[in-house]
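Quick look at model.cif (mmCIF, C-alpha atoms):
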```cif
data_final
loop_
_atom_site.label_atom_id
_atom_site.label_comp_id
_atom_site.auth_asym_id
_atom_site.auth_seq_id
_atom_site.Cartn_x
_atom_site.Cartn_y
_atom_site.Cartn_z
CA MET A 1 53.59 48.92 67.14
CA THR A 2 49.87 48.98 66.30
CA ASP A 3 47.37 51.65 65.36
CA SER A 4 44.44 52.45 67.63
CA PHE A 5 41.96 51.91 64.75
CA SER A 6 41.51 49.44 61.92
CA ASN A 7 42.44 50.27 58.33
CA THR A 8 41.87 48.46 55.08
CA ILE A 9 45.39 48.09 53.76
CA LEU A 10 46.60 47.09 50.29
CA VAL A 11 49.87 45.16 50.08
CA THR A 12 51.22 44.73 46.55
CA GLY A 13 53.63 41.82 46.25
CA GLY A 14 51.79 40.50 49.30
CA ALA A 15 52.45 36.81 48.56
CA GLY A 16 56.20 37.33 48.38
CA PHE A 17 58.82 36.87 51.07
CA LEU A 18 58.46 40.27 52.73
CA GLY A 19 54.87 40.85 51.69
CA SER A 20 53.56 37.69 53.33
CA HIS A 21 55.20 38.56 56.65
CA LEU A 22 53.77 42.08 56.40
CA CYS A 23 50.24 40.80 55.67
CA GLU A 24 50.49 38.49 58.67
CA ARG A 25 51.63 41.29 60.99
CA LEU A 26 48.93 43.70 59.79
CA ILE A 27 46.18 41.13 60.36
CA GLU A 28 47.54 40.45 63.84
CA ALA A 29 47.24 44.19 64.48
CA GLY A 30 43.53 44.07 63.58
CA HIS A 31 43.59 45.48 60.06
CA ASP A 32 41.82 44.23 56.94
CA VAL A 33 44.36 43.33 54.25
CA VAL A 34 43.99 43.17 50.48
CA CYS A 35 46.94 41.15 49.20
CA VAL A 36 47.77 41.67 45.52
CA ASP A 37 50.31 39.48 43.73
CA ASN A 38 50.75 38.16 40.17
CA GLN A 39 52.69 35.15 41.58
CA TYR A 40 55.72 35.75 39.35
CA THR A 41 58.00 35.27 42.35
CA GLY A 42 55.43 35.27 45.15
CA THR A 43 53.46 32.14 45.95
CA LYS A 44 50.05 31.54 47.43
CA ASN A 45 51.65 29.03 49.79
CA ASN A 46 53.18 31.98 51.67
CA VAL A 47 49.73 33.29 52.58
CA ARG A 48 47.73 30.05 52.57
CA HIS A 49 47.43 30.18 56.37
CA LEU A 50 45.76 33.60 56.05
CA LEU A 51 43.11 32.62 53.50
CA LYS A 52 40.57 31.53 56.14
CA SER A 53 40.77 34.88 57.91
CA PRO A 54 37.81 37.22 57.25
CA GLN A 55 40.33 40.07 57.42
CA PHE A 56 42.31 38.77 54.42
CA GLU A 57 41.56 39.00 50.70
CA PHE A 58 43.85 37.69 47.95
CA LEU A 59 43.78 39.16 44.42
CA ARG A 60 45.89 37.79 41.59
CA HIS A 61 46.80 40.96 39.73
CA ASP A 62 49.75 42.56 37.96
CA VAL A 63 50.45 46.10 39.17
CA THR A 64 51.49 47.20 35.68
CA PHE A 65 47.71 47.35 35.12
CA ALA A 66 45.39 49.73 36.98
CA LEU A 67 43.68 48.51 40.15
CA TYR A 68 40.49 49.90 41.67
CA VAL A 69 39.99 49.20 45.36
CA GLU A 70 39.00 51.30 48.36
CA VAL A 71 41.79 51.36 50.96
CA GLN A 72 43.29 53.72 53.52
CA GLN A 73 46.92 52.63 53.18
CA ILE A 74 49.08 51.08 50.45
CA TYR A 75 52.37 49.23 50.88
CA ASN A 76 53.94 48.96 47.42
CA LEU A 77 56.27 45.94 47.53
CA ALA A 78 55.61 44.47 44.08
CA CYS A 79 58.81 43.73 42.15
CA PRO A 80 61.13 40.72 41.83
CA ALA A 81 64.05 41.51 44.12
CA SER A 82 66.74 38.92 43.38
CA PRO A 83 69.08 39.19 40.37
CA ILE A 84 68.10 35.76 39.00
CA HIS A 85 64.44 36.74 38.89
CA TYR A 86 64.66 40.39 37.90
CA GLN A 87 67.18 39.67 35.11
CA ARG A 88 64.95 36.93 33.65
CA ASP A 89 62.65 39.56 32.12
CA PRO A 90 64.41 42.90 32.62
CA VAL A 91 61.89 44.92 30.62
CA GLN A 92 59.05 43.62 32.78
CA THR A 93 61.11 44.35 35.91
CA THR A 94 61.44 48.00 34.93
CA LYS A 95 57.74 48.15 34.01
CA THR A 96 56.81 46.67 37.39
CA SER A 97 58.80 49.34 39.24
CA VAL A 98 57.78 52.28 37.05
CA HIS A 99 54.28 51.47 35.75
CA GLY A 100 53.50 49.80 39.07
CA ALA A 101 54.47 52.95 40.95
CA ILE A 102 52.39 55.12 38.61
CA ASN A 103 49.34 52.89 39.04
CA MET A 104 49.63 52.68 42.82
CA LEU A 105 50.28 56.40 43.15
CA GLY A 106 47.25 57.04 40.95
CA LEU A 107 45.16 54.81 43.21
CA ALA A 108 46.46 56.58 46.32
CA LYS A 109 45.64 59.94 44.77
CA ARG A 110 42.09 58.84 43.92
CA VAL A 111 41.24 57.41 47.36
CA ARG A 112 43.56 59.78 49.32
CA ALA A 113 45.46 56.87 50.83
CA ARG A 114 48.82 57.00 52.52
CA ILE A 115 51.31 55.05 50.38
CA LEU A 116 54.68 53.51 51.24
CA GLN A 117 57.27 52.60 48.61
CA ALA A 118 59.54 49.64 49.37
CA SER A 119 62.67 50.92 47.70
CA THR A 120 66.06 49.31 48.02
CA SER A 121 69.69 49.79 48.96
CA GLU A 122 70.40 49.01 45.29
CA VAL A 123 69.63 52.67 44.55
CA TYR A 124 73.12 53.32 46.00
CA GLY A 125 74.75 51.03 43.40
CA ASP A 126 78.38 50.19 44.10
CA PRO A 127 78.72 52.89 46.76
CA GLY A 128 81.56 55.36 47.01
CA VAL A 129 80.45 56.25 50.55
CA HIS A 130 80.49 53.78 53.44
CA PRO A 131 78.20 53.27 55.28
CA GLN A 132 75.45 54.66 53.06
CA PRO A 133 73.33 57.54 54.43
CA GLU A 134 70.08 58.56 52.78
CA SER A 135 71.77 61.74 51.51
CA TYR A 136 74.11 59.71 49.27
CA TRP A 137 72.92 59.83 45.65
CA GLY A 138 74.50 56.54 44.62
CA SER A 139 76.79 55.16 41.94
CA VAL A 140 74.66 53.13 39.54
CA ASN A 141 75.49 51.80 36.08
CA PRO A 142 72.42 52.86 34.05
CA ILE A 143 73.02 50.33 31.25
CA GLY A 144 74.27 47.28 33.20
CA VAL A 145 72.54 43.94 33.74
CA ARG A 146 71.32 45.04 37.18
CA SER A 147 70.02 48.44 36.09
CA CYS A 148 66.51 47.18 35.27
CA TYR A 149 66.06 46.82 39.02
CA ASP A 150 68.36 49.57 40.31
CA GLU A 151 67.16 52.28 37.94
CA GLY A 152 63.56 51.07 38.08
CA LYS A 153 63.57 51.59 41.84
CA ARG A 154 65.31 54.97 41.49
CA CYS A 155 62.66 56.08 39.00
CA ALA A 156 59.92 54.88 41.36
CA GLU A 157 61.37 57.08 44.11
CA THR A 158 61.34 60.01 41.68
CA LEU A 159 57.68 59.40 40.91
CA PHE A 160 56.79 59.21 44.60
CA PHE A 161 58.41 62.52 45.38
CA ASP A 162 56.92 64.21 42.31
CA TYR A 163 53.45 63.04 43.37
CA TYR A 164 54.22 64.41 46.83
CA ARG A 165 55.27 67.80 45.48
CA GLN A 166 52.72 68.07 42.67
CA HIS A 167 49.67 66.45 44.28
CA GLN A 168 50.47 66.70 48.03
CA LEU A 169 50.20 62.91 48.25
CA ASP A 170 50.94 61.36 51.64
CA ILE A 171 54.03 59.27 50.81
CA LYS A 172 56.60 57.24 52.75
CA VAL A 173 59.79 55.81 51.22
CA ILE A 174 62.05 53.19 52.77
CA ARG A 175 65.27 51.72 51.39
CA ILE A 176 65.55 48.06 52.31
CA PHE A 177 68.96 46.47 52.79
CA ASN A 178 69.65 42.71 52.69
CA THR A 179 66.87 40.91 54.53
CA TYR A 180 66.54 37.19 55.19
CA GLY A 181 64.25 34.73 56.96
CA PRO A 182 61.64 32.03 56.44
CA ARG A 183 59.71 32.11 53.12
CA MET A 184 62.68 33.16 51.04
CA ARG A 185 62.65 31.21 47.78
CA PRO A 186 65.29 28.47 47.53
CA ASP A 187 65.99 29.45 43.90
CA ASP A 188 66.24 33.22 44.35
CA GLY A 189 70.04 33.28 44.01
CA ARG A 190 70.52 35.47 47.08
CA VAL A 191 73.48 34.74 49.25
CA VAL A 192 71.70 33.60 52.43
CA SER A 193 69.30 31.23 50.66
CA ASN A 194 72.07 30.02 48.31
CA PHE A 195 74.41 29.10 51.14
CA ILE A 196 71.71 27.41 53.24
CA VAL A 197 70.36 25.35 50.33
CA GLN A 198 73.85 24.32 49.21
CA ALA A 199 74.85 23.38 52.76
CA LEU A 200 71.70 21.31 53.37
CA LYS A 201 72.12 19.49 50.06
CA GLY A 202 75.81 18.85 50.71
CA GLU A 203 76.76 20.82 47.60
CA ALA A 204 79.76 23.12 47.27
CA ILE A 205 79.24 26.59 48.75
CA THR A 206 79.82 29.02 45.86
CA LEU A 207 81.69 32.11 46.97
CA PHE A 208 81.90 34.86 44.38
CA GLY A 209 85.20 36.73 44.27
CA ASP A 210 87.47 36.45 47.29
CA GLY A 211 84.56 36.52 49.73
CA GLN A 212 85.77 39.74 51.35
CA GLN A 213 82.91 41.82 49.97
CA THR A 214 80.58 42.79 52.80
CA ARG A 215 76.84 42.76 53.39
CA SER A 216 74.57 43.59 56.32
CA PHE A 217 71.83 41.06 57.05
CA CYS A 218 68.53 42.07 58.67
CA TYR A 219 66.10 39.45 59.97
CA VAL A 220 62.65 39.73 58.43
CA ASP A 221 60.77 40.35 61.71
CA ASP A 222 62.94 43.39 62.42
CA LEU A 223 62.46 44.73 58.91
CA ILE A 224 58.66 44.42 59.04
CA ASP A 225 58.63 46.25 62.37
CA GLY A 226 60.57 49.13 60.81
CA MET A 227 58.28 49.21 57.79
CA ILE A 228 55.14 49.48 59.94
CA ARG A 229 56.76 52.14 62.13
CA MET A 230 57.54 54.17 59.01
CA MET A 231 53.93 53.94 57.83
CA GLY A 232 52.85 55.23 61.24
CA THR A 233 54.98 58.40 61.20
CA GLU A 234 53.38 61.83 61.04
CA LYS A 235 52.18 63.24 57.75
CA GLY A 236 54.90 65.18 55.95
CA PHE A 237 57.72 62.88 57.02
CA THR A 238 58.46 61.23 53.69
CA GLY A 239 61.88 59.66 54.10
CA PRO A 240 63.65 58.06 52.41
CA VAL A 241 64.74 56.04 55.44
CA ASN A 242 67.28 53.21 55.41
CA LEU A 243 66.06 49.97 56.99
CA GLY A 244 68.71 47.33 57.53
CA ASN A 245 71.17 45.90 59.98
CA PRO A 246 74.34 48.00 60.40
CA LYS A 247 76.30 44.96 61.62
CA GLU A 248 78.61 44.13 58.71
CA PHE A 249 79.83 40.66 57.70
CA THR A 250 82.03 39.42 54.89
CA ILE A 251 80.42 36.89 52.58
CA ARG A 252 83.04 34.35 53.67
CA GLU A 253 82.00 34.86 57.32
CA LEU A 254 78.40 34.19 56.36
CA ALA A 255 79.36 30.99 54.52
CA GLU A 256 81.36 29.73 57.49
CA THR A 257 78.49 30.53 59.90
CA VAL A 258 75.96 28.66 57.74
CA LEU A 259 78.27 25.64 57.54
CA ARG A 260 78.64 25.59 61.31
CA LEU A 261 74.92 25.96 62.06
CA THR A 262 73.88 23.31 59.53
CA GLY A 263 76.68 20.90 60.41
CA SER A 264 77.31 20.55 56.69
CA LYS A 265 80.51 19.09 55.25
CA SER A 266 80.21 21.19 52.09
CA GLN A 267 83.38 22.76 50.73
CA ILE A 268 83.71 26.45 49.84
CA VAL A 269 84.64 27.10 46.19
CA SER A 270 85.33 30.46 44.51
CA LYS A 271 83.74 31.81 41.33
CA PRO A 272 84.21 35.11 39.46
CA LEU A 273 82.41 38.16 40.88
CA PRO A 274 79.21 39.01 38.91
CA GLU A 275 79.04 42.21 36.87
CA ASP A 276 78.32 45.38 38.90
CA ASP A 277 78.20 43.42 42.17
CA PRO A 278 78.81 45.99 44.96
CA ARG A 279 81.86 45.43 47.15
CA GLN A 280 80.34 46.97 50.27
CA ARG A 281 76.81 47.41 51.52
CA LYS A 282 76.02 48.76 54.98
CA PRO A 283 73.22 51.09 56.03
CA ASP A 284 73.61 54.22 58.09
CA ILE A 285 70.44 53.92 60.23
CA THR A 286 70.87 57.14 62.23
CA LEU A 287 67.60 58.50 60.80
CA ALA A 288 65.65 55.30 61.56
CA ARG A 289 66.97 55.30 65.13
CA SER A 290 66.03 58.93 65.76
CA THR A 291 62.72 59.13 63.91
CA LEU A 292 61.28 55.60 64.05
CA LYS A 293 62.94 54.61 67.35
CA TRP A 294 63.94 51.49 65.42
CA GLU A 295 66.97 49.31 65.05
CA PRO A 296 67.35 45.55 64.42
CA SER A 297 67.47 43.35 67.51
CA THR A 298 68.03 39.89 66.01
CA PRO A 299 71.68 38.72 65.84
CA LEU A 300 72.66 36.96 62.60
CA GLU A 301 72.99 33.51 64.18
CA GLU A 302 69.60 33.80 65.91
CA GLY A 303 67.91 34.73 62.65
CA LEU A 304 69.69 32.04 60.67
CA LYS A 305 68.38 29.26 62.93
CA PRO A 306 64.66 29.57 62.01
CA THR A 307 65.66 30.31 58.41
CA ILE A 308 67.66 27.07 58.22
CA ALA A 309 64.78 25.19 59.87
CA TYR A 310 62.38 26.56 57.25
CA PHE A 311 64.60 25.48 54.36
CA LYS A 312 65.20 22.09 55.95
CA THR A 313 61.44 21.47 56.07
CA LEU A 314 60.90 22.88 52.57
CA LEU A 315 63.72 20.91 50.96
CA GLY A 316 63.01 17.79 53.02
CA SER A 317 59.51 17.64 51.54
CA LEU A 318 61.14 17.57 48.09
CA ASP A 319 64.28 15.53 48.76
CA PRO A 320 64.09 12.54 51.14
CA LYS A 321 67.88 12.61 51.57
CA ILE A 322 67.54 15.80 53.66
CA PRO A 323 66.45 14.89 57.23
CA LEU A 324 63.71 17.13 58.62
CA ASN A 325 64.58 16.91 62.30
CA SER A 326 68.36 16.59 62.45
#
```

Before we go any further, please render this structure as structure tokens.
Amino acid sequence: MTDSFSNTILVTGGAGFLGSHLCERLIEAGHDVVCVDNQYTGTKNNVRHLLKSPQFEFLRHDVTFALYVEVQQIYNLACPASPIHYQRDPVQTTKTSVHGAINMLGLAKRVRARILQASTSEVYGDPGVHPQPESYWGSVNPIGVRSCYDEGKRCAETLFFDYYRQHQLDIKVIRIFNTYGPRMRPDDGRVVSNFIVQALKGEAITLFGDGQQTRSFCYVDDLIDGMIRMMGTEKGFTGPVNLGNPKEFTIRELAETVLRLTGSKSQIVSKPLPEDDPRQRKPDITLARSTLKWEPSTPLEEGLKPTIAYFKTLLGSLDPKIPLNS
């Protein structure tokens, strides 16, 4: 889905997993892209192939500080998204979500840009409703170890809608469910990357709890398509809109699938469930289907194959015991 004219588009968190794929897709569509990232979890390697493009500009910048650029659209993706990274400096995580939102909303107000907030399914907490529709307000522990991220994103949504009501800002809000694919970090602690890295290294697959907790896994290409479709909706349609794959898997099923696709002999071992870890997570994408004409098309196994290949190449360059082409 492409626009009929070129925009200059700002992508915060643009060197991260999702941001780098978004920058790539926007350039392919003919837009000029300003990629902003402080490289806390993002890496320039993710966008290195874009640096020679005259349509691409990279700025190392922290969104907790004001930014002055002239753009027509803003995708606000900046924030560490995995528990290992966002719990490392929880105060900074909250500041990135809240101060970052204030700064980007202020920029959008000044230049009259359309702005999209990459929110998260974590705003639903450990949900009491299954699957989760956008109308569900969530069940979040405001003082738990995950709340720096969960409540930071909830506050960012509040700010977006207050800017919409108070300043008539042109906003879009999406709630992203579990997404996976190439360019995930091997140390991000998320279940897909954890299992693949452990399997490729021949290490034990760590299953938290009994493995019966469920997640829904969306391949990155599908997610980026939904994100761009949301940005292209008519003015006044704000969302929030769930973006994720409604096909539900247990964590044990995921582990067994990864073992089969990698051919690994790793054993599955159980560990205690982390604090405030949700038991179920599945999006209701009725609104995305009807409004964006969007739903994921990549089956889990088909998305895992290029993801495994990416990690095999990445880890093989670091560890000669991991064959690149097996």

Next item on the list: Between A:Asn242, A:Thr262, A:Thr233, A:Thr298, single out the one closest to Phe217 of chain A, counting only C-alpha atoms.
Entry: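 Under the stated criterion, the closest residue is A:Thr298.
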
Next item on the list: List the residues selected by the PyMOL selection byres ((chain A and resi 21-37) around 8) in the file shown, writing them as an MDAnalysis selection string.
Entry: chainID A and resid 2:3 6:20 38:40 42 50 55:62 78 220:221 224

Expected selection from the PyMOL selection byres ((chain A and resi 295) around 12), given as an mmCIF file with C-alpha atoms, keeping the file's coordinate frame:
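Final file, out13.cif:
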```cif
data_model
loop_
_atom_site.group_PDB
_atom_site.id
_atom_site.type_symbol
_atom_site.label_atom_id
_atom_site.label_comp_id
_atom_site.auth_asym_id
_atom_site.auth_seq_id
_atom_site.Cartn_x
_atom_site.Cartn_y
_atom_site.Cartn_z
ATOM 1 C CA CYS A 218 68.530 42.070 58.670
ATOM 2 C CA TYR A 219 66.100 39.450 59.970
ATOM 3 C CA ASP A 221 60.770 40.350 61.710
ATOM 4 C CA ASP A 222 62.940 43.390 62.420
ATOM 5 C CA LEU A 223 62.460 44.730 58.910
ATOM 6 C CA ILE A 224 58.660 44.420 59.040
ATOM 7 C CA ASP A 225 58.630 46.250 62.370
ATOM 8 C CA GLY A 226 60.570 49.130 60.810
ATOM 9 C CA MET A 227 58.280 49.210 57.790
ATOM 10 C CA ARG A 229 56.760 52.140 62.130
ATOM 11 C CA VAL A 241 64.740 56.040 55.440
ATOM 12 C CA ASN A 242 67.280 53.210 55.410
ATOM 13 C CA LEU A 243 66.060 49.970 56.990
ATOM 14 C CA GLY A 244 68.710 47.330 57.530
ATOM 15 C CA ASN A 245 71.170 45.900 59.980
ATOM 16 C CA PRO A 246 74.340 48.000 60.400
ATOM 17 C CA LYS A 247 76.300 44.960 61.620
ATOM 18 C CA PRO A 283 73.220 51.090 56.030
ATOM 19 C CA ASP A 284 73.610 54.220 58.090
ATOM 20 C CA ILE A 285 70.440 53.920 60.230
ATOM 21 C CA THR A 286 70.870 57.140 62.230
ATOM 22 C CA LEU A 287 67.600 58.500 60.800
ATOM 23 C CA ALA A 288 65.650 55.300 61.560
ATOM 24 C CA ARG A 289 66.970 55.300 65.130
ATOM 25 C CA SER A 290 66.030 58.930 65.760
ATOM 26 C CA THR A 291 62.720 59.130 63.910
ATOM 27 C CA LEU A 292 61.280 55.600 64.050
ATOM 28 C CA LYS A 293 62.940 54.610 67.350
ATOM 29 C CA TRP A 294 63.940 51.490 65.420
ATOM 30 C CA PRO A 296 67.350 45.550 64.420
ATOM 31 C CA SER A 297 67.470 43.350 67.510
ATOM 32 C CA THR A 298 68.030 39.890 66.010
ATOM 33 C CA PRO A 299 71.680 38.720 65.840
#
```

Margin query: Since I can't run it myself right now, could you work out what the PyMOL selection byres ((chain A and resi 239) around 7) selects here and report it as a PyMOL selection string?
Written below: chain A and resi 172-174+237-238+240-241

Check: Which polymer residues have any atom within 6 Å of an atom of segment 100-108 of chain A, counting all atoms listed in the file, with same-chain residues fewer than 5 positions away left out, as a PyMOL selection string?
Finding: chain A and resi 63-64+66+113+156

Mind rebuilding segment 194-214 of chain A with N, CA, C and O atoms and writing that out as a PDB file, in the coordinates of the input?
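To be explicit, this is the file written out as out-v8.pdb:
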```pdb
ATOM      1  N   ASN A 194      71.102  30.849  49.051  1.00  0.00           N
ATOM      2  CA  ASN A 194      72.070  30.020  48.310  1.00  0.00           C
ATOM      3  C   ASN A 194      72.902  29.168  49.247  1.00  0.00           C
ATOM      4  O   ASN A 194      73.025  27.953  49.073  1.00  0.00           O
ATOM      5  N   PHE A 195      73.506  29.813  50.240  1.00  0.00           N
ATOM      6  CA  PHE A 195      74.410  29.100  51.140  1.00  0.00           C
ATOM      7  C   PHE A 195      73.666  28.033  51.944  1.00  0.00           C
ATOM      8  O   PHE A 195      74.168  26.921  52.128  1.00  0.00           O
ATOM      9  N   ILE A 196      72.469  28.368  52.430  1.00  0.00           N
ATOM     10  CA  ILE A 196      71.710  27.410  53.240  1.00  0.00           C
ATOM     11  C   ILE A 196      71.308  26.198  52.396  1.00  0.00           C
ATOM     12  O   ILE A 196      71.471  25.044  52.814  1.00  0.00           O
ATOM     13  N   VAL A 197      70.789  26.449  51.195  1.00  0.00           N
ATOM     14  CA  VAL A 197      70.360  25.350  50.330  1.00  0.00           C
ATOM     15  C   VAL A 197      71.550  24.471  49.952  1.00  0.00           C
ATOM     16  O   VAL A 197      71.467  23.233  49.998  1.00  0.00           O
ATOM     17  N   GLN A 198      72.664  25.097  49.579  1.00  0.00           N
ATOM     18  CA  GLN A 198      73.850  24.320  49.210  1.00  0.00           C
ATOM     19  C   GLN A 198      74.357  23.496  50.390  1.00  0.00           C
ATOM     20  O   GLN A 198      74.719  22.320  50.237  1.00  0.00           O
ATOM     21  N   ALA A 199      74.364  24.094  51.575  1.00  0.00           N
ATOM     22  CA  ALA A 199      74.850  23.380  52.760  1.00  0.00           C
ATOM     23  C   ALA A 199      73.948  22.198  53.090  1.00  0.00           C
ATOM     24  O   ALA A 199      74.430  21.097  53.396  1.00  0.00           O
ATOM     25  N   LEU A 200      72.627  22.394  53.041  1.00  0.00           N
ATOM     26  CA  LEU A 200      71.700  21.310  53.370  1.00  0.00           C
ATOM     27  C   LEU A 200      71.756  20.184  52.355  1.00  0.00           C
ATOM     28  O   LEU A 200      71.548  19.009  52.705  1.00  0.00           O
ATOM     29  N   LYS A 201      72.041  20.517  51.102  1.00  0.00           N
ATOM     30  CA  LYS A 201      72.120  19.490  50.060  1.00  0.00           C
ATOM     31  C   LYS A 201      73.511  18.850  49.981  1.00  0.00           C
ATOM     32  O   LYS A 201      73.711  17.902  49.212  1.00  0.00           O
ATOM     33  N   GLY A 202      74.460  19.385  50.770  1.00  0.00           N
ATOM     34  CA  GLY A 202      75.810  18.850  50.710  1.00  0.00           C
ATOM     35  C   GLY A 202      76.570  19.258  49.464  1.00  0.00           C
ATOM     36  O   GLY A 202      77.576  18.636  49.104  1.00  0.00           O
ATOM     37  N   GLU A 203      76.098  20.319  48.810  1.00  0.00           N
ATOM     38  CA  GLU A 203      76.760  20.820  47.600  1.00  0.00           C
ATOM     39  C   GLU A 203      77.840  21.835  47.968  1.00  0.00           C
ATOM     40  O   GLU A 203      77.858  22.365  49.082  1.00  0.00           O
ATOM     41  N   ALA A 204      78.719  22.121  47.031  1.00  0.00           N
ATOM     42  CA  ALA A 204      79.760  23.120  47.270  1.00  0.00           C
ATOM     43  C   ALA A 204      79.135  24.488  47.512  1.00  0.00           C
ATOM     44  O   ALA A 204      78.170  24.876  46.844  1.00  0.00           O
ATOM     45  N   ILE A 205      79.674  25.216  48.474  1.00  0.00           N
ATOM     46  CA  ILE A 205      79.240  26.590  48.750  1.00  0.00           C
ATOM     47  C   ILE A 205      79.962  27.507  47.760  1.00  0.00           C
ATOM     48  O   ILE A 205      81.193  27.605  47.763  1.00  0.00           O
ATOM     49  N   THR A 206      79.218  28.174  46.885  1.00  0.00           N
ATOM     50  CA  THR A 206      79.820  29.020  45.860  1.00  0.00           C
ATOM     51  C   THR A 206      80.030  30.427  46.397  1.00  0.00           C
ATOM     52  O   THR A 206      79.076  31.135  46.715  1.00  0.00           O
ATOM     53  N   LEU A 207      81.287  30.797  46.469  1.00  0.00           N
ATOM     54  CA  LEU A 207      81.690  32.110  46.970  1.00  0.00           C
ATOM     55  C   LEU A 207      82.175  32.925  45.790  1.00  0.00           C
ATOM     56  O   LEU A 207      83.126  32.532  45.103  1.00  0.00           O
ATOM     57  N   PHE A 208      81.512  34.037  45.522  1.00  0.00           N
ATOM     58  CA  PHE A 208      81.900  34.860  44.380  1.00  0.00           C
ATOM     59  C   PHE A 208      83.016  35.820  44.790  1.00  0.00           C
ATOM     60  O   PHE A 208      82.958  36.443  45.845  1.00  0.00           O
ATOM     61  N   GLY A 209      84.042  35.904  43.942  1.00  0.00           N
ATOM     62  CA  GLY A 209      85.200  36.730  44.270  1.00  0.00           C
ATOM     63  C   GLY A 209      86.004  36.100  45.393  1.00  0.00           C
ATOM     64  O   GLY A 209      86.011  34.878  45.582  1.00  0.00           O
ATOM     65  N   ASP A 210      86.650  36.958  46.188  1.00  0.00           N
ATOM     66  CA  ASP A 210      87.470  36.450  47.290  1.00  0.00           C
ATOM     67  C   ASP A 210      86.675  36.291  48.594  1.00  0.00           C
ATOM     68  O   ASP A 210      87.220  35.860  49.614  1.00  0.00           O
ATOM     69  N   GLY A 211      85.398  36.662  48.548  1.00  0.00           N
ATOM     70  CA  GLY A 211      84.560  36.520  49.730  1.00  0.00           C
ATOM     71  C   GLY A 211      84.736  37.635  50.746  1.00  0.00           C
ATOM     72  O   GLY A 211      84.135  37.604  51.816  1.00  0.00           O
ATOM     73  N   GLN A 212      85.542  38.631  50.413  1.00  0.00           N
ATOM     74  CA  GLN A 212      85.770  39.740  51.350  1.00  0.00           C
ATOM     75  C   GLN A 212      84.795  40.886  51.145  1.00  0.00           C
ATOM     76  O   GLN A 212      84.811  41.850  51.912  1.00  0.00           O
ATOM     77  N   GLN A 213      83.960  40.807  50.111  1.00  0.00           N
ATOM     78  CA  GLN A 213      82.910  41.820  49.970  1.00  0.00           C
ATOM     79  C   GLN A 213      81.954  41.686  51.150  1.00  0.00           C
ATOM     80  O   GLN A 213      81.757  40.589  51.682  1.00  0.00           O
ATOM     81  N   THR A 214      81.382  42.787  51.569  1.00  0.00           N
ATOM     82  CA  THR A 214      80.580  42.790  52.800  1.00  0.00           C
ATOM     83  C   THR A 214      79.110  43.046  52.519  1.00  0.00           C
ATOM     84  O   THR A 214      78.754  43.727  51.551  1.00  0.00           O
TER      85      THR A 214
END
```
